[in-house]
file upload36.cif (mmCIF, C-alpha atoms)
data_query
#
loop_
_atom_site.label_atom_id
_atom_site.label_comp_id
_atom_site.auth_asym_id
_atom_site.auth_seq_id
_atom_site.Cartn_x
_atom_site.Cartn_y
_atom_site.Cartn_z
CA MET A 7 82.38 99.75 61.82
CA ASP A 8 81.97 102.76 59.54
CA ALA A 9 83.39 106.24 60.06
CA THR A 10 80.07 107.56 61.41
CA SER A 11 79.94 104.86 64.09
CA GLU A 12 83.55 105.50 65.07
CA GLY A 13 82.81 109.22 65.40
CA SER A 14 79.79 108.50 67.59
CA ASP A 15 81.86 106.27 69.87
CA ARG A 16 84.43 109.01 70.34
CA LYS A 17 81.70 111.49 71.26
CA ARG A 18 80.34 109.08 73.84
CA GLU A 19 83.75 108.73 75.49
CA GLN A 20 83.99 110.51 78.82
CA TRP A 21 87.33 111.81 80.09
CA ILE A 22 88.65 112.88 83.47
CA THR A 23 92.32 113.91 83.43
CA HIS A 24 94.25 110.86 82.14
CA TYR A 25 91.34 108.41 82.23
CA CYS A 26 88.69 107.57 79.68
CA SER A 27 85.53 105.49 79.72
CA SER A 28 86.85 103.35 76.84
CA GLN A 29 89.99 102.31 78.74
CA ARG A 30 90.16 99.11 80.73
CA ILE A 31 91.21 100.43 84.13
CA LEU A 32 92.47 98.57 87.20
CA LEU A 33 92.63 100.55 90.44
CA VAL A 34 94.50 98.98 93.36
CA GLY A 35 94.99 99.85 97.03
CA GLU A 36 91.81 101.87 96.85
CA GLY A 37 91.38 103.05 100.43
CA ASP A 38 87.74 104.11 100.76
CA PHE A 39 87.13 103.68 97.01
CA SER A 40 86.40 107.39 96.56
CA PHE A 41 88.82 107.69 93.62
CA SER A 42 87.15 104.81 91.77
CA ALA A 43 83.74 106.27 92.55
CA CYS A 44 84.86 109.64 91.14
CA LEU A 45 85.87 108.05 87.82
CA ALA A 46 82.66 106.03 87.67
CA GLU A 47 80.57 109.15 88.30
CA CYS A 48 82.35 110.97 85.48
CA PHE A 49 82.04 108.07 83.05
CA GLY A 50 78.40 107.37 83.92
CA SER A 51 79.38 103.70 84.08
CA ALA A 52 82.06 101.57 85.70
CA ARG A 53 81.84 98.56 83.41
CA ASN A 54 85.36 99.31 82.17
CA MET A 55 86.78 99.28 85.70
CA VAL A 56 88.08 96.85 88.30
CA ALA A 57 88.68 98.35 91.77
CA THR A 58 90.47 96.49 94.57
CA SER A 59 91.50 96.72 98.21
CA LEU A 60 94.04 94.79 100.25
CA ASP A 61 91.63 94.42 103.15
CA SER A 62 88.59 92.20 103.31
CA GLU A 63 85.26 94.00 102.87
CA GLU A 64 84.53 93.56 106.59
CA LEU A 65 87.85 95.06 107.71
CA LEU A 66 87.62 97.79 105.08
CA LYS A 67 84.34 99.00 106.59
CA VAL A 68 86.04 99.26 109.98
CA LYS A 69 89.16 101.08 108.74
CA HIS A 70 87.45 103.19 106.08
CA TRP A 71 83.79 103.47 107.07
CA THR A 72 83.38 106.18 104.44
CA CYS A 73 83.71 103.47 101.78
CA VAL A 74 80.10 102.27 102.05
CA PRO A 75 78.37 104.75 99.67
CA HIS A 76 81.26 104.47 97.21
CA LEU A 77 81.00 100.68 97.07
CA VAL A 78 77.25 100.95 96.55
CA LYS A 79 77.77 103.37 93.66
CA LEU A 80 80.50 101.29 92.04
CA LYS A 81 78.48 98.10 92.13
CA ARG A 82 75.39 99.89 90.82
CA LEU A 83 77.42 101.22 87.88
CA GLY A 84 78.85 97.82 87.00
CA CYS A 85 82.35 97.95 88.50
CA VAL A 86 84.07 94.69 89.42
CA VAL A 87 85.01 95.21 93.09
CA LEU A 88 87.52 92.82 94.63
CA HIS A 89 88.86 92.62 98.16
CA GLU A 90 91.93 90.92 99.63
CA VAL A 91 93.98 91.65 96.52
CA ASP A 92 97.71 91.91 97.21
CA VAL A 93 99.38 94.22 94.68
CA LYS A 94 102.61 92.23 95.01
CA GLU A 95 101.07 89.21 93.29
CA MET A 96 97.85 90.48 91.74
CA HIS A 97 98.73 88.93 88.38
CA ARG A 98 98.10 85.55 90.00
CA HIS A 99 94.69 86.47 91.39
CA PRO A 100 92.03 84.02 90.08
CA VAL A 101 89.86 86.82 88.68
CA LEU A 102 92.62 89.12 87.43
CA ARG A 103 95.19 86.71 86.01
CA THR A 104 93.57 86.49 82.56
CA MET A 105 92.71 90.19 82.34
CA ARG A 106 94.75 92.91 80.64
CA PHE A 107 94.42 96.63 81.31
CA ASP A 108 95.09 99.89 79.52
CA ARG A 109 95.68 101.68 82.82
CA ILE A 110 96.75 100.31 86.20
CA VAL A 111 96.45 102.94 88.92
CA PHE A 112 98.02 102.89 92.40
CA ASN A 113 97.42 106.15 94.24
CA PHE A 114 99.79 107.04 97.09
CA PRO A 115 101.12 103.55 97.84
CA HIS A 116 102.23 102.91 101.39
CA ALA A 117 103.62 99.84 103.16
CA GLY A 118 101.85 100.69 106.42
CA HIS A 119 102.29 102.63 109.63
CA PHE A 120 104.28 101.16 112.50
CA PRO A 121 104.92 102.42 116.03
CA LEU A 122 108.34 104.14 116.35
CA LEU A 123 108.88 104.17 112.56
CA CYS A 124 108.48 107.66 111.13
CA GLU A 125 108.31 108.24 107.38
CA ARG A 126 112.03 109.07 107.11
CA HIS A 127 113.11 105.91 108.95
CA GLY A 128 115.32 103.78 106.70
CA ARG A 129 113.54 100.56 107.63
CA LEU A 130 110.15 101.93 106.58
CA ILE A 131 111.57 103.33 103.34
CA LYS A 132 112.91 99.85 102.54
CA LEU A 133 109.44 98.40 103.13
CA HIS A 134 107.93 100.97 100.76
CA LYS A 135 110.50 100.17 98.09
CA LYS A 136 109.93 96.44 98.46
CA LEU A 137 106.19 96.96 98.03
CA LEU A 138 106.61 99.09 94.90
CA SER A 139 109.18 96.76 93.34
CA ALA A 140 106.80 93.83 93.64
CA PHE A 141 103.88 95.95 92.41
CA PHE A 142 105.72 96.98 89.24
CA GLY A 143 106.74 93.39 88.58
CA SER A 144 103.15 92.18 88.93
CA ALA A 145 101.62 95.10 87.00
CA ARG A 146 103.84 94.59 83.96
CA GLU A 147 102.28 91.13 83.53
CA MET A 148 98.81 92.68 83.34
CA LEU A 149 99.32 95.51 80.87
CA ALA A 150 97.63 95.54 77.48
CA GLU A 151 99.64 96.65 74.47
CA ASP A 152 100.48 100.34 74.92
CA GLY A 153 99.16 100.16 78.49
CA GLU A 154 100.43 102.39 81.28
CA VAL A 155 100.99 102.09 85.01
CA HIS A 156 100.15 105.25 86.96
CA VAL A 157 101.45 105.88 90.47
CA ALA A 158 100.36 109.03 92.30
CA HIS A 159 103.11 109.91 94.76
CA ARG A 160 104.58 112.73 96.79
CA ASP A 161 107.96 113.81 95.44
CA ASP A 162 109.29 115.67 98.47
CA TYR A 163 111.49 114.30 101.26
CA PRO A 164 111.39 111.53 102.44
CA TYR A 165 109.09 110.15 99.73
CA ASN A 166 111.57 110.94 96.98
CA CYS A 167 113.97 108.53 98.73
CA TRP A 168 111.83 105.71 97.38
CA LYS A 169 113.40 106.31 93.93
CA LEU A 170 110.22 105.41 92.11
CA GLU A 171 111.70 105.62 88.62
CA ASN A 172 114.57 103.28 89.52
CA LEU A 173 112.16 100.71 90.97
CA ALA A 174 110.13 100.77 87.76
CA LYS A 175 113.26 100.41 85.59
CA LYS A 176 114.25 97.25 87.44
CA ALA A 177 110.87 95.82 86.41
CA GLY A 178 111.48 96.79 82.79
CA MET A 179 109.27 99.86 82.84
CA HIS A 180 110.11 103.38 81.76
CA LEU A 181 108.90 106.79 82.88
CA ILE A 182 106.76 108.51 80.24
CA GLU A 183 106.07 111.69 82.20
CA ALA A 184 105.21 113.02 85.64
CA VAL A 185 102.11 115.23 85.78
CA GLU A 186 101.04 117.31 88.76
CA PHE A 187 98.39 115.52 90.82
CA ARG A 188 95.65 117.92 91.88
CA LYS A 189 93.00 116.59 94.23
CA VAL A 190 90.55 119.21 92.95
CA ASP A 191 90.55 117.42 89.57
CA TYR A 192 88.83 114.43 91.19
CA PRO A 193 85.56 115.58 92.81
CA GLY A 194 84.71 113.52 95.86
CA TYR A 195 88.14 111.91 96.19
CA HIS A 196 89.57 111.76 99.71
CA ASN A 197 93.08 110.39 100.22
CA LYS A 198 93.29 108.09 103.23
CA ARG A 199 96.20 107.09 105.47
CA GLY A 200 95.34 103.40 105.77
CA GLY A 201 97.85 101.17 107.52
CA GLY A 202 95.88 100.60 110.71
CA ILE A 203 96.75 103.86 112.53
CA LYS A 204 94.16 106.61 112.06
CA SER A 205 93.31 104.82 108.82
CA ASN A 206 90.43 107.02 107.73
CA LYS A 207 92.32 110.27 108.26
CA LYS A 208 93.69 112.26 105.34
CA PHE A 209 97.36 113.14 104.86
CA PRO A 210 98.90 116.30 103.35
CA LEU A 211 99.10 116.34 99.58
CA LYS A 212 102.02 118.51 98.50
CA GLU A 213 104.45 118.19 95.61
CA CYS A 214 102.33 115.34 94.29
CA PHE A 215 102.58 113.90 90.79
CA THR A 216 101.07 111.13 88.73
CA PHE A 217 104.07 109.17 87.46
CA LYS A 218 103.23 107.34 84.22
CA PHE A 219 105.19 104.27 83.23
CA SER A 220 105.18 102.10 80.13
CA LEU A 221 106.95 98.99 78.88
CA LYS A 222 108.04 100.96 75.84
CA LYS A 223 110.77 103.61 75.80
#
call {"tool": "encode", "arguments": {"input": "upload36.cif", "output": "structure tokens"}}
result
Amino acid sequence: MDATSEGSDRKREQWITHYCSSQRILLVGEGDFSFSACLAECFGSARNMVATSLDSEELLKVKHWTCVPHLVKLKRLGCVVLHEVDVKEMHRHPVLRTMRFDRIVFNFPHAGHFPLLCERHGRLIKLHKKLLSAFFGSAREMLAEDGEVHVAHRDDYPYNCWKLENLAKKAGMHLIEAVEFRKVDYPGYHNKRGGGIKSNKKFPLKECFTFKFSLKK
């Protein structure tokens, strides 16, 4: 490829915050898929993206009925959409296990909502930490060279009790930086509770950051 062709490719790249149309991007735990759809809309294509949910497509449409137009858009733009993908062992998934990504994105991870367990309850915090520990361990197996894992997360109490950076370190990953997460930067994105209780409702976004992790110090 000559210099002119390289320059043309750069001009064709589309960016939205930390994400670029030339990156291979995996998005997990996608709720109603509005975040993936936002990136795809910006890029004008989703052929560089894989977007996943834990739920089956049938259950997803019950819990997050707002997902339907986003799934239609993603498939039309060439995104690989996968359901029933567990972030704790996604590196073993038959479609994903041979793939490597420049960015792996998990926005506002949550282990679920349970009766009598509020967010500051120690048992629920342990469940969150267990989920994230397994996620980091699986994600590290799927990173391309110089790839990054991005976790959008609230950093106020009790969410800061999860000790996100420590969990990543145990998986051999290191914090590059934490950048303020602003919902306004992602047109059309709607954060969802999930977890089976008022699943399609939003939750307050305050003191939120995108924590970026890498295998390299």
call {"tool": "atom_distance", "arguments": {"input": "upload36.cif", "atom1": "atom CA of A:Gly200", "atom2": "atom CA of A:Lys79"}}
result
21.3 Å
call {"tool": "resolve_selection", "arguments": {"input": "upload36.cif", "expression": "the PyMOL selection byres ((chain A and resi 146-154) around 12)", "output": "MDAnalysis selection string"}}
result
chainID A and resid 24:25 29:32 93:99 101:112 139:145 155:157 174:183 216:223
call {"tool": "residues_around", "arguments": {"input": "upload36.cif", "residues": "A:Pro75", "least_positions_apart": "5", "cutoff": "10 Å", "atoms": "all atoms listed in the file", "output": "ChimeraX atom specification"}}
result
/A:38-40,43,80
call {"tool": "write_last_selection", "arguments": {"input": "upload36.cif", "atoms": "C-alpha atoms", "output": "mmCIF file, keeping the file's coordinate frame"}}
result
data_model
loop_
_atom_site.group_PDB
_atom_site.id
_atom_site.type_symbol
_atom_site.label_atom_id
_atom_site.label_comp_id
_atom_site.auth_asym_id
_atom_site.auth_seq_id
_atom_site.Cartn_x
_atom_site.Cartn_y
_atom_site.Cartn_z
ATOM 1 C CA ASP A 38 87.740 104.110 100.760
ATOM 2 C CA PHE A 39 87.130 103.680 97.010
ATOM 3 C CA SER A 40 86.400 107.390 96.560
ATOM 4 C CA ALA A 43 83.740 106.270 92.550
ATOM 5 C CA LEU A 80 80.500 101.290 92.040
#
call {"tool": "residues_around", "arguments": {"input": "upload36.cif", "residues": "A:Arg126", "least_positions_apart": "6", "cutoff": "10 Å", "atoms": "all atoms listed in the file", "output": "ChimeraX atom specification"}}
result
/A:163-165,167
call {"tool": "resolve_selection", "arguments": {"input": "upload36.cif", "expression": "the PyMOL selection byres ((chain A and resi 201) around 9)", "output": "ChimeraX atom specification"}}
result
/A:69,116-120,199-200,202-205
call {"tool": "residues_near_point", "arguments": {"input": "upload36.cif", "point": "(86.8, 100.6, 87.9)", "cutoff": "9 Å", "atoms": "only C-alpha atoms", "output": "PyMOL selection string"}}
result
chain A and resi 30-33+42-43+45-46+51-58+80+84-87
call {"tool": "write_last_selection", "arguments": {"input": "upload36.cif", "atoms": "C-alpha atoms", "output": "PDB file, keeping the file's coordinate frame"}}
result
ATOM      1  CA  ARG A  30      90.160  99.110  80.730  1.00  0.00           C
ATOM      2  CA  ILE A  31      91.210 100.430  84.130  1.00  0.00           C
ATOM      3  CA  LEU A  32      92.470  98.570  87.200  1.00  0.00           C
ATOM      4  CA  LEU A  33      92.630 100.550  90.440  1.00  0.00           C
ATOM      5  CA  SER A  42      87.150 104.810  91.770  1.00  0.00           C
ATOM      6  CA  ALA A  43      83.740 106.270  92.550  1.00  0.00           C
ATOM      7  CA  LEU A  45      85.870 108.050  87.820  1.00  0.00           C
ATOM      8  CA  ALA A  46      82.660 106.030  87.670  1.00  0.00           C
ATOM      9  CA  SER A  51      79.380 103.700  84.080  1.00  0.00           C
ATOM     10  CA  ALA A  52      82.060 101.570  85.700  1.00  0.00           C
ATOM     11  CA  ARG A  53      81.840  98.560  83.410  1.00  0.00           C
ATOM     12  CA  ASN A  54      85.360  99.310  82.170  1.00  0.00           C
ATOM     13  CA  MET A  55      86.780  99.280  85.700  1.00  0.00           C
ATOM     14  CA  VAL A  56      88.080  96.850  88.300  1.00  0.00           C
ATOM     15  CA  ALA A  57      88.680  98.350  91.770  1.00  0.00           C
ATOM     16  CA  THR A  58      90.470  96.490  94.570  1.00  0.00           C
ATOM     17  CA  LEU A  80      80.500 101.290  92.040  1.00  0.00           C
ATOM     18  CA  GLY A  84      78.850  97.820  87.000  1.00  0.00           C
ATOM     19  CA  CYS A  85      82.350  97.950  88.500  1.00  0.00           C
ATOM     20  CA  VAL A  86      84.070  94.690  89.420  1.00  0.00           C
ATOM     21  CA  VAL A  87      85.010  95.210  93.090  1.00  0.00           C
TER      22      VAL A  87
END
call {"tool": "closest_residue", "arguments": {"input": "upload36.cif", "among": "A:Glu19, A:Asp161, A:Glu213, A:Glu90", "to": "A:Phe49", "atoms": "only C-alpha atoms"}}
result
A:Glu19
